[in-house]
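Trainee: structure.cif (mmCIF, C-alpha atoms and all ligand atoms) pasted underneath:
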data_target
#
loop_
_atom_site.label_atom_id
_atom_site.label_comp_id
_atom_site.auth_asym_id
_atom_site.auth_seq_id
_atom_site.Cartn_x
_atom_site.Cartn_y
_atom_site.Cartn_z
CA MET A 97 -4.12 105.49 58.96
CA GLU A 98 -3.56 109.18 58.14
CA MET A 99 -4.73 111.11 55.07
CA LYS A 100 -3.19 114.29 53.70
CA ALA A 101 -4.59 116.15 50.69
CA MET A 102 -2.23 116.38 47.68
CA ALA A 103 -4.02 119.44 46.24
CA PRO A 104 -7.14 121.42 47.24
CA ASN A 105 -9.48 119.33 45.05
CA CYS A 106 -7.56 116.23 43.94
CA GLY A 107 -5.62 113.36 45.47
CA VAL A 108 -4.78 112.15 48.94
CA GLU A 109 -1.61 110.68 50.40
CA ILE A 110 -2.39 107.85 52.83
CA SER A 111 0.20 106.81 55.40
CA GLY A 112 0.25 104.32 58.26
CA VAL A 113 -1.07 101.39 56.25
CA ASP A 114 0.58 98.28 54.83
CA LEU A 115 -1.39 97.66 51.64
CA ALA A 116 -0.37 94.01 51.39
CA HIS A 117 -1.79 93.26 54.84
CA CYS A 118 -4.49 95.88 55.41
CA SER A 119 -7.65 95.03 57.36
CA ASP A 120 -11.14 95.00 55.85
CA SER A 121 -11.98 98.30 57.57
CA GLU A 122 -8.77 99.91 56.21
CA MET A 123 -9.69 98.60 52.74
CA GLN A 124 -13.14 100.20 53.06
CA ALA A 125 -11.62 103.54 54.13
CA ILE A 126 -9.13 103.41 51.23
CA LYS A 127 -11.92 102.75 48.71
CA GLN A 128 -14.01 105.61 50.05
CA ALA A 129 -11.01 108.00 49.98
CA ILE A 130 -10.30 107.09 46.34
CA TYR A 131 -13.94 107.50 45.30
CA GLU A 132 -13.91 110.98 46.87
CA HIS A 133 -10.40 112.30 46.16
CA GLY A 134 -9.89 110.48 42.83
CA VAL A 135 -6.43 109.11 43.58
CA ALA A 136 -4.57 107.86 46.64
CA VAL A 137 -0.81 107.56 46.98
CA PHE A 138 0.98 105.16 49.35
CA ARG A 139 4.72 105.37 50.08
CA ASP A 140 7.30 102.79 51.19
CA GLN A 141 5.18 99.76 50.38
CA GLU A 142 6.53 96.20 50.14
CA PHE A 143 4.23 95.13 47.33
CA SER A 144 5.29 92.06 45.32
CA PRO A 145 3.43 91.11 42.11
CA GLU A 146 1.58 88.48 44.19
CA ASP A 147 0.59 91.17 46.74
CA HIS A 148 -0.52 93.43 43.86
CA ILE A 149 -2.81 90.72 42.43
CA ALA A 150 -4.15 89.67 45.86
CA PHE A 151 -4.99 93.30 46.77
CA ALA A 152 -6.77 93.83 43.42
CA LYS A 153 -8.80 90.64 43.91
CA ARG A 154 -9.85 91.85 47.38
CA TRP A 155 -11.02 95.12 45.80
CA GLY A 156 -13.14 93.36 43.17
CA GLY A 157 -12.67 92.06 39.62
CA ILE A 158 -9.59 92.55 37.43
CA ASP A 159 -9.88 93.74 33.80
CA ILE A 160 -7.18 92.10 31.68
CA ASN A 161 -5.95 94.61 29.09
CA ASN A 162 -5.82 92.97 25.65
CA TYR A 163 -3.21 95.35 24.25
CA PHE A 164 -0.46 95.66 26.87
CA PRO A 165 2.32 93.12 27.05
CA LEU A 166 1.70 90.94 30.08
CA THR A 167 4.20 89.07 32.20
CA GLU A 168 3.93 85.33 31.62
CA GLN A 169 3.71 84.48 35.31
CA HIS A 170 1.27 87.27 36.12
CA PRO A 171 -1.19 87.79 33.27
CA GLU A 172 -3.27 90.16 35.46
CA ILE A 173 -0.41 92.69 35.44
CA ALA A 174 0.10 95.06 32.49
CA VAL A 175 3.66 96.28 32.11
CA VAL A 176 3.71 100.03 31.37
CA LYS A 177 7.29 100.46 30.21
CA LYS A 178 9.50 102.85 28.26
CA GLU A 179 13.03 101.74 27.41
CA ALA A 180 15.94 104.21 27.41
CA ASP A 181 16.05 104.29 23.59
CA GLN A 182 12.28 104.74 23.06
CA SER A 183 10.70 108.16 22.68
CA THR A 184 6.93 107.58 23.04
CA ASN A 185 5.62 106.73 26.49
CA ILE A 186 2.35 105.00 27.32
CA GLY A 187 -0.30 107.32 28.76
CA GLY A 188 1.59 110.52 27.90
CA ALA A 189 -1.49 112.74 27.44
CA TRP A 190 -4.53 113.49 29.58
CA HIS A 191 -6.87 110.52 29.40
CA THR A 192 -9.26 108.23 31.25
CA ASP A 193 -8.38 104.54 30.98
CA HIS A 194 -10.97 102.37 29.23
CA SER A 195 -13.59 105.07 28.62
CA TYR A 196 -14.02 103.30 25.25
CA ASP A 197 -15.44 100.18 26.99
CA GLN A 198 -19.16 99.62 27.50
CA ILE A 199 -18.43 99.11 31.19
CA PRO A 200 -15.30 101.19 31.79
CA ALA A 201 -12.71 100.06 34.29
CA MET A 202 -13.22 101.39 37.81
CA GLY A 203 -9.59 102.31 38.21
CA SER A 204 -5.99 101.22 38.30
CA ILE A 205 -3.35 100.20 40.82
CA LEU A 206 0.06 101.36 39.59
CA VAL A 207 3.30 100.24 41.24
CA ALA A 208 6.72 101.77 40.55
CA ARG A 209 9.22 99.05 39.58
CA ASP A 210 12.08 100.86 37.79
CA LEU A 211 12.31 104.65 37.82
CA PRO A 212 14.45 107.20 36.00
CA PRO A 213 16.74 109.33 38.23
CA SER A 214 14.30 112.24 37.82
CA GLY A 215 11.11 112.96 35.89
CA GLY A 216 8.39 110.47 34.96
CA ASP A 217 5.85 112.01 37.36
CA THR A 218 2.13 111.29 36.92
CA GLU A 219 -0.59 113.96 37.14
CA TRP A 220 -4.29 113.53 37.87
CA ALA A 221 -7.21 115.94 37.46
CA HIS A 222 -10.51 115.61 39.37
CA MET A 223 -13.56 115.58 37.10
CA GLY A 224 -16.03 116.23 39.93
CA ALA A 225 -14.24 119.46 40.76
CA ALA A 226 -13.99 120.18 37.03
CA TYR A 227 -17.76 119.78 36.59
CA ASP A 228 -18.57 121.88 39.67
CA ALA A 229 -16.42 124.74 38.37
CA LEU A 230 -18.05 124.89 34.91
CA PRO A 231 -20.05 128.07 34.29
CA ASP A 232 -23.83 127.54 34.46
CA ASP A 233 -24.34 128.11 30.71
CA LEU A 234 -21.78 125.39 29.90
CA LYS A 235 -23.44 123.02 32.39
CA ALA A 236 -26.77 123.71 30.68
CA GLU A 237 -25.26 123.13 27.23
CA ILE A 238 -23.98 119.63 28.12
CA GLU A 239 -27.04 118.56 30.16
CA GLY A 240 -28.36 115.29 28.69
CA LEU A 241 -25.63 114.95 26.04
CA GLU A 242 -23.91 111.66 25.28
CA ALA A 243 -20.54 111.10 23.60
CA PHE A 244 -18.84 108.35 21.62
CA HIS A 245 -15.45 107.06 22.83
CA THR A 246 -12.98 104.77 21.04
CA ALA A 247 -9.31 103.81 21.25
CA ASP A 248 -8.92 102.38 17.74
CA HIS A 249 -6.83 105.38 16.58
CA VAL A 250 -4.40 104.79 19.48
CA TYR A 251 -4.16 101.01 19.53
CA LYS A 252 -4.15 100.26 15.77
CA ALA A 253 -0.95 98.66 14.46
CA ASP A 254 0.39 101.96 13.02
CA GLY A 255 -1.19 104.12 15.74
CA LEU A 256 0.29 106.21 18.52
CA TYR A 257 1.73 103.22 20.37
CA ALA A 258 3.35 101.48 17.38
CA GLN A 259 6.82 102.57 18.59
CA THR A 260 6.31 101.42 22.19
CA ASP A 261 6.58 97.91 23.62
CA MET A 262 2.87 97.70 23.08
CA GLY A 263 3.44 97.87 19.31
CA SER A 264 4.36 94.20 19.00
CA SER A 265 1.34 93.06 20.96
CA LEU A 266 -0.95 95.27 18.87
CA ARG A 267 -0.02 93.91 15.46
CA GLY A 268 -2.56 91.53 14.01
CA GLN A 269 -5.23 92.23 16.59
CA ASP A 270 -8.73 92.94 15.41
CA LEU A 271 -9.26 96.34 16.98
CA LYS A 272 -12.82 97.37 17.58
CA THR A 273 -13.46 99.51 20.61
CA GLY A 274 -16.28 101.92 21.10
CA ALA A 275 -18.90 102.97 23.61
CA ILE A 276 -21.39 105.75 24.20
CA HIS A 277 -21.56 107.34 27.67
CA PRO A 278 -23.32 110.37 29.17
CA VAL A 279 -21.11 113.48 29.12
CA VAL A 280 -21.95 114.00 32.78
CA ILE A 281 -22.13 110.83 34.84
CA ARG A 282 -22.93 110.24 38.50
CA HIS A 283 -20.28 108.45 40.51
CA PRO A 284 -21.70 104.96 41.21
CA HIS A 285 -20.75 105.17 44.92
CA THR A 286 -20.73 108.86 45.91
CA GLY A 287 -23.45 110.10 43.55
CA ARG A 288 -21.29 113.13 42.67
CA LYS A 289 -21.63 114.57 39.16
CA LEU A 290 -18.48 114.02 37.06
CA LEU A 291 -17.46 115.35 33.66
CA TYR A 292 -16.92 112.22 31.57
CA VAL A 293 -15.16 113.20 28.33
CA ASN A 294 -11.41 113.09 27.66
CA SER A 295 -9.27 114.28 24.79
CA ALA A 296 -7.61 110.91 24.15
CA PHE A 297 -10.69 108.78 23.57
CA THR A 298 -13.82 110.97 23.22
CA ILE A 299 -14.48 111.45 19.50
CA HIS A 300 -17.82 113.24 19.17
CA PHE A 301 -21.16 113.99 20.77
CA VAL A 302 -23.97 111.66 19.73
CA GLY A 303 -25.86 113.28 16.83
CA LYS A 304 -22.93 115.56 15.90
CA THR A 305 -19.88 115.07 13.69
CA ARG A 306 -16.33 115.25 15.02
CA GLU A 307 -15.97 118.73 13.48
CA GLU A 308 -19.23 119.94 15.05
CA SER A 309 -18.23 118.45 18.42
CA LEU A 310 -14.67 119.73 18.69
CA PRO A 311 -15.32 123.35 19.75
CA LEU A 312 -17.51 122.34 22.71
CA LEU A 313 -15.20 119.44 23.64
CA GLN A 314 -12.23 121.83 23.62
CA ARG A 315 -14.09 124.32 25.85
CA LEU A 316 -14.71 121.50 28.33
CA TYR A 317 -11.09 120.31 28.22
CA ASP A 318 -9.81 123.86 28.75
CA ALA A 319 -12.20 124.46 31.66
CA ALA A 320 -11.43 121.08 33.27
CA LEU A 321 -7.77 121.74 34.02
CA THR A 322 -7.32 124.20 36.86
CA ALA A 323 -4.41 124.27 39.31
CA ASP A 324 -6.67 123.42 42.27
CA ASN A 325 -8.14 120.29 40.74
CA GLN A 326 -4.81 118.77 39.65
CA CYS A 327 -2.24 116.87 41.67
CA ARG A 328 1.15 115.55 40.69
CA LEU A 329 3.04 112.53 42.00
CA GLN A 330 6.80 112.21 42.11
CA TRP A 331 7.38 108.46 42.19
CA LYS A 332 9.92 106.82 44.52
CA PRO A 333 10.76 103.13 44.96
CA GLY A 334 7.93 101.61 47.01
CA THR A 335 5.27 104.10 45.81
CA VAL A 336 1.85 102.74 44.85
CA ALA A 337 -0.97 104.87 43.40
CA ILE A 338 -4.59 103.79 43.11
CA TRP A 339 -7.04 105.92 41.15
CA ASP A 340 -10.65 106.06 40.10
CA ASN A 341 -11.04 106.36 36.33
CA ARG A 342 -14.56 107.74 36.52
CA THR A 343 -13.43 110.56 38.84
CA THR A 344 -10.10 111.46 37.24
CA TRP A 345 -8.06 112.02 34.12
CA HIS A 346 -4.35 111.19 34.31
CA ASN A 347 -1.22 112.05 32.36
CA ALA A 348 2.19 110.32 32.49
CA MET A 349 4.99 112.87 32.00
CA ASN A 350 7.49 111.99 29.28
CA ASP A 351 10.54 113.97 30.45
CA TYR A 352 13.20 111.33 31.16
CA GLN A 353 14.68 110.67 27.71
CA GLY A 354 17.61 108.24 27.80
CA TYR A 355 16.38 106.46 30.94
CA ARG A 356 14.18 103.46 31.53
CA ARG A 357 10.87 103.53 33.44
CA GLU A 358 8.82 100.44 34.27
CA MET A 359 5.52 100.40 36.13
CA HIS A 360 3.15 97.50 36.87
CA ARG A 361 -0.52 98.19 36.46
CA ILE A 362 -3.62 96.22 37.38
CA THR A 363 -6.90 97.54 36.05
CA LEU A 364 -9.92 97.12 38.32
CA SER A 365 -13.31 96.25 36.84
CA GLY A 366 -16.01 98.90 36.94
CA GLU A 367 -19.76 99.12 36.68
CA ALA A 368 -22.18 100.55 34.09
CA LEU A 369 -22.22 104.36 34.03
CA ALA A 370 -25.32 106.51 34.19
CA ALA A 371 -26.20 110.19 34.20
C1 LIG A 401 -1.17 105.02 32.52
O1 LIG A 401 -1.80 104.14 33.09
O2 LIG A 401 -1.71 105.78 31.74
C2 LIG A 401 0.29 105.19 32.83
C3 LIG A 401 0.53 106.07 34.00
C4 LIG A 401 1.99 106.20 34.28
O3 LIG A 401 2.80 105.45 33.71
O4 LIG A 401 2.36 107.03 35.10
#
What does this structure look like when you write it as structure tokens?

Mentor:
Amino acid sequence: MEMKAMAPNCGVEISGVDLAHCSDSEMQAIKQAIYEHGVAVFRDQEFSPEDHIAFAKRWGGIDINNYFPLTEQHPEIAVVKKEADQSTNIGGAWHTDHSYDQIPAMGSILVARDLPPSGGDTEWAHMGAAYDALPDDLKAEIEGLEAFHTADHVYKADGLYAQTDMGSSLRGQDLKTGAIHPVVIRHPHTGRKLLYVNSAFTIHFVGKTREESLPLLQRLYDAALTADNQCRLQWKPGTVAIWDNRTTWHNAMNDYQGYRREMHRITLSGEALAA
């Protein structure tokens, strides 16, 4: 198995491994690489929906997403899809999946199933590198803070995703998401400090209003995105990406209007977060 960095501080491309048939020691090395680099990319994989589910079960538990349309045969798989005539894509802004859950998902395994001729890349940003690069006064300002996260504004029936395929599965659901997490968490496996706020789901600091929180949140978001801590993936048929949601933000580019894109995603269960 070979590993090649995708950017100085984010992402790794792993070659020489067949994900569907990898050994236990390869699985361990893949996990460790993802915990450290945030995201790993694998090319030219033969990875059927059954392989996808079996690999996720070997990793650990699967979080079933209540809002995405699921395939009937494979309820573990969320279909992340944009049709040629739709304009809003799913995940088209920097975010961390499931930060609004009490126990946020560990990560996701995303498989390319139908790609536009160009565009539709995905970007990730490393929140360990982002935290390390914060100036000392900003680190001191966020020390010990907690923040409230929710997705209700995104997933409500007339919310951001109303015009996507998700819209139909959202209608009629009783939406109540919300969780409080430390603003700086420690990675459960590496112990590294990670900035754990994101502009999609973090609403306010505990003890402050949204208006009071926004200036500091915006300073953190601006500081978090540097060229060195971001990587970008150009998908090809057979590409699989696995990322750690605690370590990274991600952003799905919406630049392929008039073409269809379909990805299959399995969300991996996480563990409680702590400072
Ligand atoms: C997501 O999980 O946010 C979607 C990522 C993508 O479609 O590239």

Trainee: Could you write out as lines of an AutoDock Vina configuration file the box around ligand LIG 401 (chain A) (axis-aligned, all atoms listed in the file, 3 Å on each side), with centre and edge lengths in Å to one decimal?

Mentor:
center_x = 0.5
center_y = 105.6
center_z = 33.4
size_x = 10.6
size_y = 8.9
size_z = 9.4

Trainee: Taking 6 positions as the minimum chain separation for residues in the same chain, which residues sit within 12 Å of region 101-105 of chain A when counting only C-alpha atoms? Answer as a PyMOL selection string.

Mentor: chain A and resi 111+129-130+132-138+219-229+321-330+343-344

Trainee: What lies within 9 Å of Ala180 (chain A) using all atoms listed in the file, ignoring chain neighbours under 3 positions off, as a ChimeraX atom specification?

Mentor: /A:183,352-357

Trainee: Write out as an MDAnalysis selection string each polymer residue whose atoms come within 6 Å of Ser365 (chain A), counting all atoms listed in the file; drop sequence neighbours fewer than 4 positions from it.

Mentor: chainID A and resid 157:159 201:202

Trainee: Within 10 Å of ligand LIG 401 (chain A), which residues show up when you count all atoms listed in the file? List them as a VMD selection string, please.

Mentor: chain A and resid 174 to 178 185 to 193 203 to 208 216 to 220 329 to 331 337 339 345 to 350 357 to 363
